[in-house]
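Asks: My file is target.csv. It has CSV, C-alpha atoms and all ligand atoms:
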```
chain,number,residue,atom,x,y,z
Y,1,MET,CA,171.9,236.8,-159.3
Y,2,ASN,CA,168.2,236.3,-159.2
Y,3,THR,CA,166.2,234.4,-161.9
Y,4,SER,CA,164.1,236.3,-164.4
Y,5,PRO,CA,160.4,236.3,-163.5
Y,6,PHE,CA,158.4,233.1,-164.3
Y,7,VAL,CA,155.0,231.6,-163.6
Y,8,TYR,CA,155.0,228.4,-161.5
Y,9,GLN,CA,152.5,225.7,-162.0
Y,10,ARG,CA,152.3,222.2,-160.4
Y,11,ALA,CA,151.2,219.5,-162.9
Y,12,ASN,CA,148.5,217.1,-161.7
Y,13,SER,CA,149.7,214.2,-163.9
Y,14,VAL,CA,152.1,213.4,-166.7
Y,15,ASP,CA,149.4,214.1,-169.2
Y,16,ASP,CA,148.7,217.5,-167.6
Y,17,ALA,CA,152.4,218.3,-167.8
Y,18,ILE,CA,152.6,217.3,-171.5
Y,19,SER,CA,149.6,219.5,-172.3
Y,20,LEU,CA,151.1,222.4,-170.4
Y,21,LEU,CA,154.3,222.0,-172.4
Y,22,GLN,CA,152.3,222.0,-175.6
Y,23,GLN,CA,150.3,225.1,-174.6
Y,24,HIS,CA,153.4,227.1,-173.5
Y,25,GLY,CA,156.0,226.0,-176.1
Y,26,ASP,CA,159.6,226.8,-175.7
Y,27,GLY,CA,159.0,229.3,-172.9
Y,28,ALA,CA,158.0,226.5,-170.5
Y,29,LYS,CA,160.4,224.2,-168.6
Y,30,LEU,CA,159.8,221.1,-166.4
Y,31,ILE,CA,161.3,221.2,-163.0
Y,32,ALA,CA,162.0,218.0,-160.9
Y,33,GLY,CA,164.7,218.4,-158.2
Y,34,GLY,CA,165.7,221.9,-159.5
Y,35,HIS,CA,169.4,221.2,-158.8
Y,36,SER,CA,170.5,221.8,-162.4
Y,37,LEU,CA,167.7,224.1,-163.6
Y,38,LEU,CA,167.7,226.6,-160.8
Y,39,PRO,CA,171.5,227.3,-160.9
Y,40,ILE,CA,171.4,228.0,-164.6
Y,41,MET,CA,168.3,230.2,-164.2
Y,42,LYS,CA,170.2,232.2,-161.5
Y,43,LEU,CA,173.0,232.7,-164.0
Y,44,ARG,CA,170.4,233.7,-166.6
Y,45,LEU,CA,171.6,231.0,-168.9
Y,46,ALA,CA,168.0,229.8,-169.0
Y,47,GLU,CA,165.0,232.2,-168.7
Y,48,PRO,CA,161.8,230.2,-168.9
Y,49,ASP,CA,158.5,232.1,-168.6
Y,50,MET,CA,156.9,229.1,-166.9
Y,51,LEU,CA,158.1,226.3,-164.6
Y,52,ILE,CA,156.0,223.1,-164.6
Y,53,ASP,CA,156.6,221.2,-161.4
Y,54,ILE,CA,156.5,217.4,-161.9
Y,55,GLY,CA,158.4,216.8,-158.7
Y,56,ARG,CA,155.6,215.1,-156.8
Y,57,LEU,CA,153.9,213.0,-159.5
Y,58,PRO,CA,153.3,209.5,-158.2
Y,59,GLU,CA,153.4,208.1,-161.8
Y,60,LEU,CA,157.1,209.0,-162.0
Y,61,GLN,CA,158.1,207.4,-158.7
Y,62,GLY,CA,159.2,204.0,-157.5
Y,63,THR,CA,161.4,201.1,-158.7
Y,64,ARG,CA,160.3,197.7,-159.8
Y,65,ARG,CA,161.7,194.5,-161.4
Y,66,GLU,CA,160.0,193.5,-164.7
Y,67,HIS,CA,161.1,190.9,-167.2
Y,68,GLY,CA,164.8,190.9,-166.3
Y,69,GLU,CA,165.0,194.7,-166.0
Y,70,ILE,CA,165.0,197.1,-163.2
Y,71,VAL,CA,162.6,200.0,-164.0
Y,72,ILE,CA,163.4,203.2,-162.2
Y,73,GLY,CA,161.0,206.1,-162.1
Y,74,ALA,CA,162.3,209.4,-163.3
Y,75,LEU,CA,161.8,211.0,-159.9
Y,76,ALA,CA,164.1,208.6,-158.0
Y,77,THR,CA,166.6,210.8,-156.2
Y,78,HIS,CA,170.3,210.0,-156.4
Y,79,HIS,CA,170.0,208.9,-152.8
Y,80,GLN,CA,167.2,206.5,-153.6
Y,81,VAL,CA,169.1,205.0,-156.5
Y,82,ALA,CA,172.2,204.6,-154.3
Y,83,THR,CA,170.4,202.9,-151.5
Y,84,ASP,CA,167.6,200.8,-153.1
Y,85,GLN,CA,168.3,197.2,-152.2
Y,86,GLU,CA,167.2,195.8,-155.6
Y,87,ILE,CA,169.4,198.3,-157.5
Y,88,ARG,CA,172.4,197.6,-155.1
Y,89,SER,CA,172.2,193.9,-155.6
Y,90,SER,CA,171.3,193.6,-159.3
Y,91,ILE,CA,173.0,196.7,-160.9
Y,92,PRO,CA,175.6,197.8,-158.4
Y,93,LEU,CA,177.4,199.9,-161.0
Y,94,LEU,CA,174.3,202.3,-161.0
Y,95,ALA,CA,174.0,202.4,-157.2
Y,96,ASP,CA,177.7,203.2,-156.8
Y,97,THR,CA,177.5,205.9,-159.5
Y,98,ALA,CA,174.5,207.5,-157.8
Y,99,SER,CA,176.4,207.5,-154.4
Y,100,ARG,CA,179.2,209.5,-156.0
Y,101,VAL,CA,177.0,212.3,-157.4
Y,102,GLY,CA,177.7,215.7,-155.7
Y,103,ASP,CA,177.1,215.9,-152.0
Y,104,ARG,CA,174.4,214.7,-149.6
Y,105,GLN,CA,172.1,217.7,-150.3
Y,106,VAL,CA,172.3,217.2,-154.1
Y,107,ARG,CA,171.7,213.5,-153.7
Y,108,ASN,CA,168.6,214.1,-151.6
Y,109,ARG,CA,167.0,216.5,-154.1
Y,110,GLY,CA,168.4,215.7,-157.5
Y,111,THR,CA,166.6,213.1,-159.6
Y,112,ILE,CA,168.0,210.5,-162.1
Y,113,GLY,CA,165.4,211.7,-164.7
Y,114,GLY,CA,166.5,215.3,-164.3
Y,115,ALA,CA,170.1,214.4,-164.5
Y,116,LEU,CA,169.7,212.4,-167.7
Y,117,ALA,CA,167.4,215.0,-169.3
Y,118,HIS,CA,169.8,217.8,-168.5
Y,119,ALA,CA,172.7,215.9,-170.0
Y,120,ASP,CA,175.5,217.9,-168.4
Y,121,ALA,CA,178.8,216.9,-170.0
Y,122,ALA,CA,180.2,216.3,-166.5
Y,123,ALA,CA,177.3,214.3,-165.2
Y,124,ASP,CA,178.0,210.9,-163.7
Y,125,TYR,CA,175.1,208.7,-164.8
Y,126,PRO,CA,175.7,208.6,-168.6
Y,127,ALA,CA,178.8,206.4,-168.1
Y,128,ALA,CA,176.8,203.7,-166.3
Y,129,ILE,CA,173.6,204.1,-168.4
Y,130,LEU,CA,175.7,203.5,-171.5
Y,131,ALA,CA,177.6,200.5,-170.1
Y,132,LEU,CA,174.4,199.0,-168.8
Y,133,GLU,CA,172.7,199.4,-172.1
Y,134,ALA,CA,169.7,201.0,-170.4
Y,135,THR,CA,166.6,202.3,-172.3
Y,136,ILE,CA,165.1,205.7,-171.6
Y,137,VAL,CA,161.3,205.9,-171.7
Y,138,ALA,CA,159.8,209.2,-172.9
Y,139,ARG,CA,156.1,210.2,-173.1
Y,140,GLY,CA,154.7,213.0,-175.2
Y,141,PRO,CA,151.5,213.9,-177.0
Y,142,GLY,CA,151.9,210.9,-179.3
Y,143,GLY,CA,152.3,208.4,-176.5
Y,144,ALA,CA,155.4,206.6,-175.1
Y,145,ARG,CA,158.6,205.7,-176.9
Y,146,GLN,CA,161.8,203.9,-175.8
Y,147,ILE,CA,165.2,205.4,-176.6
Y,148,PRO,CA,168.3,203.2,-176.3
Y,149,ALA,CA,171.0,205.0,-174.1
Y,150,ARG,CA,173.3,205.0,-177.2
Y,151,GLU,CA,170.9,207.2,-179.1
Y,152,PHE,CA,169.9,209.4,-176.1
Y,153,PHE,CA,172.9,211.7,-175.5
Y,154,LEU,CA,173.3,213.9,-178.6
Y,155,ASP,CA,175.5,216.9,-177.7
Y,156,PHE,CA,176.3,219.3,-174.8
Y,157,LEU,CA,173.0,219.6,-172.8
Y,158,THR,CA,171.2,218.0,-175.7
Y,159,THR,CA,169.3,214.7,-175.7
Y,160,ALA,CA,166.9,212.9,-178.0
Y,161,LEU,CA,163.9,214.1,-176.0
Y,162,ALA,CA,161.5,216.4,-177.8
Y,163,SER,CA,160.5,219.7,-176.2
Y,164,ASP,CA,157.1,218.3,-175.3
Y,165,GLU,CA,158.3,215.0,-174.0
Y,166,ILE,CA,158.8,213.9,-170.4
Y,167,LEU,CA,161.3,211.3,-169.4
Y,168,THR,CA,159.1,208.9,-167.4
Y,169,GLU,CA,161.4,205.9,-166.5
Y,170,ILE,CA,164.7,204.2,-167.1
Y,171,ARG,CA,164.8,200.5,-167.9
Y,172,VAL,CA,168.0,198.8,-167.0
Y,173,PRO,CA,168.6,195.2,-168.1
Y,174,VAL,CA,170.1,193.2,-165.2
Y,175,PRO,CA,173.6,192.0,-166.2
Y,176,ALA,CA,174.5,188.3,-166.0
Y,177,ASP,CA,175.0,186.8,-162.5
Y,178,GLY,CA,178.7,187.1,-161.5
Y,179,HIS,CA,179.4,190.1,-163.7
Y,180,GLY,CA,182.0,192.5,-162.5
Y,181,TRP,CA,181.6,196.3,-162.5
Y,182,SER,CA,183.5,199.5,-161.7
Y,183,TYR,CA,183.0,203.3,-161.7
Y,184,GLN,CA,186.2,205.3,-161.8
Y,185,LYS,CA,185.9,209.1,-161.4
Y,186,LEU,CA,188.2,212.1,-161.3
Y,187,ALA,CA,185.9,214.5,-159.5
Y,188,ASN,CA,185.9,218.3,-159.5
Y,189,GLN,CA,186.9,219.0,-155.9
Y,190,ALA,CA,184.5,221.9,-155.5
Y,191,SER,CA,181.3,220.4,-157.0
Y,192,GLY,CA,181.9,216.7,-157.3
Y,193,TYR,CA,181.1,216.7,-161.0
Y,194,ALA,CA,183.1,214.2,-163.1
Y,195,ILE,CA,186.0,215.8,-164.9
Y,196,VAL,CA,186.3,212.2,-166.2
Y,197,GLY,CA,184.1,209.2,-165.3
Y,198,VAL,CA,184.4,205.7,-166.6
Y,199,GLY,CA,181.9,202.9,-166.0
Y,200,ALA,CA,182.7,199.3,-166.9
Y,201,ILE,CA,180.9,195.9,-166.9
Y,202,ALA,CA,182.9,192.7,-167.4
Y,203,ILE,CA,181.5,189.3,-168.0
Y,204,LEU,CA,183.9,186.4,-168.1
Y,205,ASP,CA,183.2,182.9,-169.5
Y,206,GLY,CA,184.1,179.6,-167.8
Y,207,SER,CA,187.7,179.8,-168.9
Y,208,GLY,CA,188.1,183.3,-167.5
Y,209,THR,CA,188.1,185.0,-171.0
Y,210,PHE,CA,186.1,188.1,-171.7
Y,211,ASP,CA,182.6,187.1,-172.8
Y,212,ASP,CA,181.3,190.6,-172.8
Y,213,VAL,CA,182.8,193.9,-171.8
Y,214,ARG,CA,181.2,197.3,-171.9
Y,215,VAL,CA,182.7,200.7,-171.2
Y,216,GLY,CA,180.9,204.1,-171.0
Y,217,VAL,CA,182.8,207.4,-170.6
Y,218,THR,CA,181.5,210.8,-169.3
Y,219,GLY,CA,183.2,214.1,-168.6
Y,220,THR,CA,185.9,214.0,-171.2
Y,221,ALA,CA,184.0,215.3,-174.2
Y,222,ALA,CA,180.8,217.3,-174.8
Y,223,VAL,CA,178.8,214.0,-175.0
Y,224,ALA,CA,179.3,210.7,-173.2
Y,225,TRP,CA,180.1,207.6,-175.4
Y,226,ARG,CA,180.5,203.9,-175.5
Y,227,ALA,CA,184.2,202.9,-176.0
Y,228,ALA,CA,183.6,200.5,-179.0
Y,229,ALA,CA,187.2,200.1,-180.0
Y,230,THR,CA,188.3,199.2,-176.4
Y,231,GLU,CA,185.4,196.7,-176.1
Y,232,ALA,CA,186.3,195.1,-179.5
Y,233,ALA,CA,189.9,194.8,-178.5
Y,234,LEU,CA,189.0,192.8,-175.4
Y,235,ARG,CA,186.2,190.5,-176.4
Y,236,GLY,CA,187.5,186.9,-176.5
Y,237,GLN,CA,190.8,187.9,-174.9
Y,238,LYS,CA,192.2,186.8,-171.5
Y,239,PRO,CA,192.1,189.8,-169.1
Y,240,GLU,CA,195.8,190.2,-168.8
Y,241,SER,CA,197.1,193.6,-167.7
Y,242,GLY,CA,199.0,194.3,-171.0
Y,243,VAL,CA,195.9,193.4,-173.1
Y,244,VAL,CA,193.7,195.7,-170.9
Y,245,ALA,CA,196.2,198.6,-171.1
Y,246,ALA,CA,196.5,198.4,-174.9
Y,247,ALA,CA,192.7,198.2,-175.2
Y,248,ALA,CA,192.3,201.2,-172.8
Y,249,ASP,CA,194.6,203.3,-175.0
Y,250,LYS,CA,191.9,203.0,-177.7
Y,251,VAL,CA,189.2,204.5,-175.5
Y,252,ASP,CA,189.2,207.9,-177.1
Y,253,ASP,CA,189.2,206.7,-180.7
Y,254,GLY,CA,187.5,209.5,-182.7
Y,255,VAL,CA,186.7,211.6,-179.6
Y,256,GLU,CA,187.3,215.3,-179.3
Y,257,ALA,CA,188.1,216.1,-175.7
Y,258,LEU,CA,187.0,219.2,-173.9
Y,259,ASP,CA,189.7,221.8,-173.2
Y,260,ASP,CA,188.6,224.2,-170.4
Y,261,LEU,CA,189.6,225.5,-167.0
Y,262,HIS,CA,189.0,222.1,-165.4
Y,263,GLY,CA,191.6,220.4,-167.6
Y,264,SER,CA,193.3,220.6,-171.0
Y,265,ALA,CA,192.2,218.1,-173.7
Y,266,GLU,CA,195.6,216.3,-173.4
Y,267,TYR,CA,195.2,215.9,-169.6
Y,268,ARG,CA,191.6,214.7,-169.9
Y,269,LEU,CA,192.6,212.1,-172.5
Y,270,ARG,CA,195.5,210.8,-170.3
Y,271,VAL,CA,193.1,210.5,-167.3
Y,272,THR,CA,190.5,208.9,-169.5
Y,273,ARG,CA,192.9,206.1,-170.6
Y,274,GLY,CA,194.2,205.6,-167.1
Y,275,LEU,CA,190.7,205.4,-165.5
Y,276,THR,CA,189.5,203.1,-168.3
Y,277,ARG,CA,192.3,200.7,-167.5
Y,278,ARG,CA,191.5,200.8,-163.8
Y,279,ALA,CA,187.8,200.4,-164.4
Y,280,ILE,CA,188.2,197.3,-166.5
Y,281,LEU,CA,190.8,195.7,-164.2
Y,282,GLN,CA,188.5,196.3,-161.2
Y,283,ALA,CA,185.5,195.0,-163.0
Y,284,VAL,CA,187.5,191.9,-163.9
Y,285,ALA,CA,188.7,191.4,-160.3
Y,286,ARG,CA,185.1,191.6,-159.1
Y,287,ALA,CA,183.9,189.1,-161.8
Y,288,GLN,CA,186.7,186.7,-160.8
Y,289,GLN,CA,185.7,187.0,-157.1
Y,290,ARG,CA,182.0,186.5,-157.9
Y,291,GLY,CA,182.4,183.9,-160.6
Y,301,LIG,C1,176.4,221.7,-156.1
Y,301,LIG,C2,176.0,220.7,-157.1
Y,301,LIG,C3,176.8,219.6,-157.3
Y,301,LIG,C4,176.5,218.7,-158.3
Y,301,LIG,N1,177.3,217.6,-158.5
Y,301,LIG,C5,177.0,216.7,-159.4
Y,301,LIG,C6,177.9,215.6,-159.6
Y,301,LIG,O1,178.9,215.4,-159.0
Y,301,LIG,N2,177.5,214.7,-160.6
Y,301,LIG,C7,176.3,214.8,-161.3
Y,301,LIG,O2,176.1,214.0,-162.2
Y,301,LIG,N3,175.5,215.8,-161.1
Y,301,LIG,C8,175.8,216.8,-160.2
Y,301,LIG,N4,174.9,217.8,-159.9
Y,301,LIG,C9,173.7,217.9,-160.7
Y,301,LIG,C10,172.6,217.1,-160.0
Y,301,LIG,O3,172.8,215.7,-160.1
Y,301,LIG,C11,171.2,217.4,-160.5
Y,301,LIG,O4,170.3,216.8,-159.5
Y,301,LIG,C12,170.7,216.8,-161.8
Y,301,LIG,O5,171.7,217.1,-162.8
Y,301,LIG,C13,169.4,217.3,-162.3
Y,301,LIG,O6,168.3,216.7,-161.6
Y,301,LIG,P1,167.1,217.5,-161.0
Y,301,LIG,O7,166.1,216.6,-160.7
Y,301,LIG,O8,167.6,218.4,-160.0
Y,301,LIG,O9,166.6,218.3,-162.4
Y,301,LIG,P2,166.1,219.8,-162.6
Y,301,LIG,O10,167.2,220.7,-162.2
Y,301,LIG,O11,164.8,220.0,-162.0
Y,301,LIG,O12,166.0,219.8,-164.2
Y,301,LIG,C14,167.1,219.7,-165.0
Y,301,LIG,C15,166.7,219.7,-166.5
Y,301,LIG,O13,166.0,218.5,-166.8
Y,301,LIG,C16,164.7,218.7,-167.2
Y,301,LIG,N5,163.9,217.7,-166.6
Y,301,LIG,C17,163.8,217.3,-165.3
Y,301,LIG,N6,163.1,216.2,-165.1
Y,301,LIG,C18,162.7,215.8,-166.4
Y,301,LIG,C19,161.9,214.8,-166.9
Y,301,LIG,N7,161.4,213.8,-166.1
Y,301,LIG,N8,161.7,214.7,-168.2
Y,301,LIG,C20,162.1,215.6,-169.1
Y,301,LIG,N9,162.9,216.7,-168.6
Y,301,LIG,C21,163.2,216.8,-167.3
Y,301,LIG,C22,164.3,220.1,-166.7
Y,301,LIG,O14,163.3,220.8,-167.6
Y,301,LIG,C23,165.7,220.8,-166.8
Y,301,LIG,O15,165.9,221.3,-168.1
Y,301,LIG,C24,175.3,218.8,-159.0
Y,301,LIG,C25,174.4,219.9,-158.8
Y,301,LIG,C26,174.8,220.8,-157.8
Y,301,LIG,C27,173.8,222.0,-157.6
```
What does the file become when written as structure tokens?
Replies:
Amino acid sequence: MNTSPFVYQRANSVDDAISLLQQHGDGAKLIAGGHSLLPIMKLRLAEPDMLIDIGRLPELQGTRREHGEIVIGALATHHQVATDQEIRSSIPLLADTASRVGDRQVRNRGTIGGALAHADAAADYPAAILALEATIVARGPGGARQIPAREFFLDFLTTALASDEILTEIRVPVPADGHGWSYQKLANQASGYAIVGVGAIAILDGSGTFDDVRVGVTGTAAVAWRAAATEAALRGQKPESGVVAAAADKVDDGVEALDDLHGSAEYRLRVTRGLTRRAILQAVARAQQRG
């Protein structure tokens, strides 16, 4: 199917894009890589009157290290996130997650900012972004504001971004040296999207006990979440397999799983618990190797 008619305008700057969003209201949509927006426009699930192209703005590009954080421009493609040396060495969970998005074509065009703003329930990044306790930076008519990952994903295709705000960068605190990590994913065989995806970070103290452990889950439900009950059950414990399995069984505490053609709610929950266990055990093994 073709899209409905729209006006195309390339923004000259972030401020220009914000003022175009303000002028044209709900009828206008930003476009970055176009790999989520154009498919839903072709299905007529979105029918914007105007597309504001931010895909070439230099302000939204590049990666830098700043005060113990890696700052990633919204326009970094999945391929750039997966291959950037600084990201690979400091936050390997994010690089690995990016390398598992879709296929080569999607990774070369799709952007991390677009993926986060779109907030598809089956998107890969939210698991890592939550486990890494990243901050999303948004700019709108009133200036810039920082949104913790935990407050960013609100519902299916819904984030804390206002309609006249642009996601400009993602700030990711570098986890402690010697941390372990893992991204476990059950992928849709046709698209690559996550039916379930679990990201984990494990930090062990000198005696091999969990000092910190963080788990983010995507795909299972309409909105990605931090597995607080699992994390609480592990902190201060030795990472023995029985302890990890019991903690992983708490991962879906209070969560309503999706039930659709890709998997029943019961199936998704079983997979989520299994992948949580695997993710934590692999993160622990990596922490033990690096520690
Ligand atoms: C065949 C296929 C397979 C895929 N497989 C996967 C997969 O396995 N895992 C996965 O996670 N994703 C997958 N995707 C989605 C892909 O990762 C997209 O690249 C991503 O979701 C959107 O990024 P984009 O730059 O293309 O955004 P666009 O499509 O340009 O925009 C998406 C939405 O975000 C808004 N937006 C874009 N940039 C900004 C910004 N800076 N600030 C505010 N709003 C913004 C747009 O207005 C639009 O509403 C797949 C896509 C396709 C087509």
Asks: Ligand LIG 301 (chain Y): which residues are within 7 Å, counting all atoms listed in the file, as JSON, numbers by chain?
Replies: {"Y": [29, 30, 31, 32, 33, 34, 35, 36, 37, 38, 39, 74, 75, 100, 101, 102, 103, 106, 107, 109, 110, 111, 112, 113, 114, 115, 117, 118, 120, 122, 123, 124, 125, 165, 166, 167, 168, 191, 192, 193, 194]}
Asks: Here is a test: counting all atoms listed in the file, which residue of Y:Asp164, Y:Glu86, Y:Glu59, Y:Asp205 is nearest to Gly142 in chain Y?
Replies: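 Comparing Y:Asp164, Y:Glu86, Y:Glu59, Y:Asp205 against Gly142 in chain Y, the winner is Y:Asp164.
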Asks: Please report the interatomic distance between CA of Arg235 in chain Y and CA of Val223 in chain Y in Å with one decimal.
Replies: 24.7 Å
Asks: Would you please work out which residue, of Y:Ala248, Y:Leu132, Y:Ala287, Y:Ile87, is nearest to Leu204 in chain Y when using all atoms listed in the file?
Replies: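 Of Y:Ala248, Y:Leu132, Y:Ala287, Y:Ile87, the one nearest Leu204 in chain Y, counting all atoms listed in the file, is Y:Ala287.
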Asks: My list of candidates is Y:Ala246, Y:Ala176, Y:Leu258, Y:Ala224. Which is closest to Leu116 in chain Y when distances are computed with all atoms listed in the file?
Replies: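 Nearest candidate to Leu116 in chain Y out of Y:Ala246, Y:Ala176, Y:Leu258, Y:Ala224: Y:Ala224.
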Asks: Between Y:Gln146, Y:Ser241, Y:Ser264, Y:Asn108, which is the closest to Ala279 in chain Y once you count only C-alpha atoms?
Replies: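 Closest residue, counting only C-alpha atoms: Y:Ser241.
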Asks: Of the candidates Y:Gly263, Y:Pro48, Y:Pro58, Y:Pro148, which one gets nearest to Arg171 in chain Y if we count all atoms listed in the file?
Replies: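 Among Y:Gly263, Y:Pro48, Y:Pro58, Y:Pro148, it is Y:Pro148 that comes nearest to Arg171 in chain Y.
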Asks: Quick one: distance from CA of Ile91 in chain Y to CA of Gly254 in chain Y in Å, one decimal?
Replies: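 Computing it gives 29.1 Å between the two atoms.
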Asks: Enter the distance from CA of Ala247 in chain Y to CA of Ile203 in chain Y, in Å, rounded to one decimal.
Replies: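 Computing it gives 16.0 Å between the two atoms.
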Asks: What lies within 7 Å of Thr3 in chain Y using all atoms listed in the file, ignoring chain neighbours under 5 positions off, as JSON, numbers by chain?
Replies: {"Y": [41, 42, 44]}
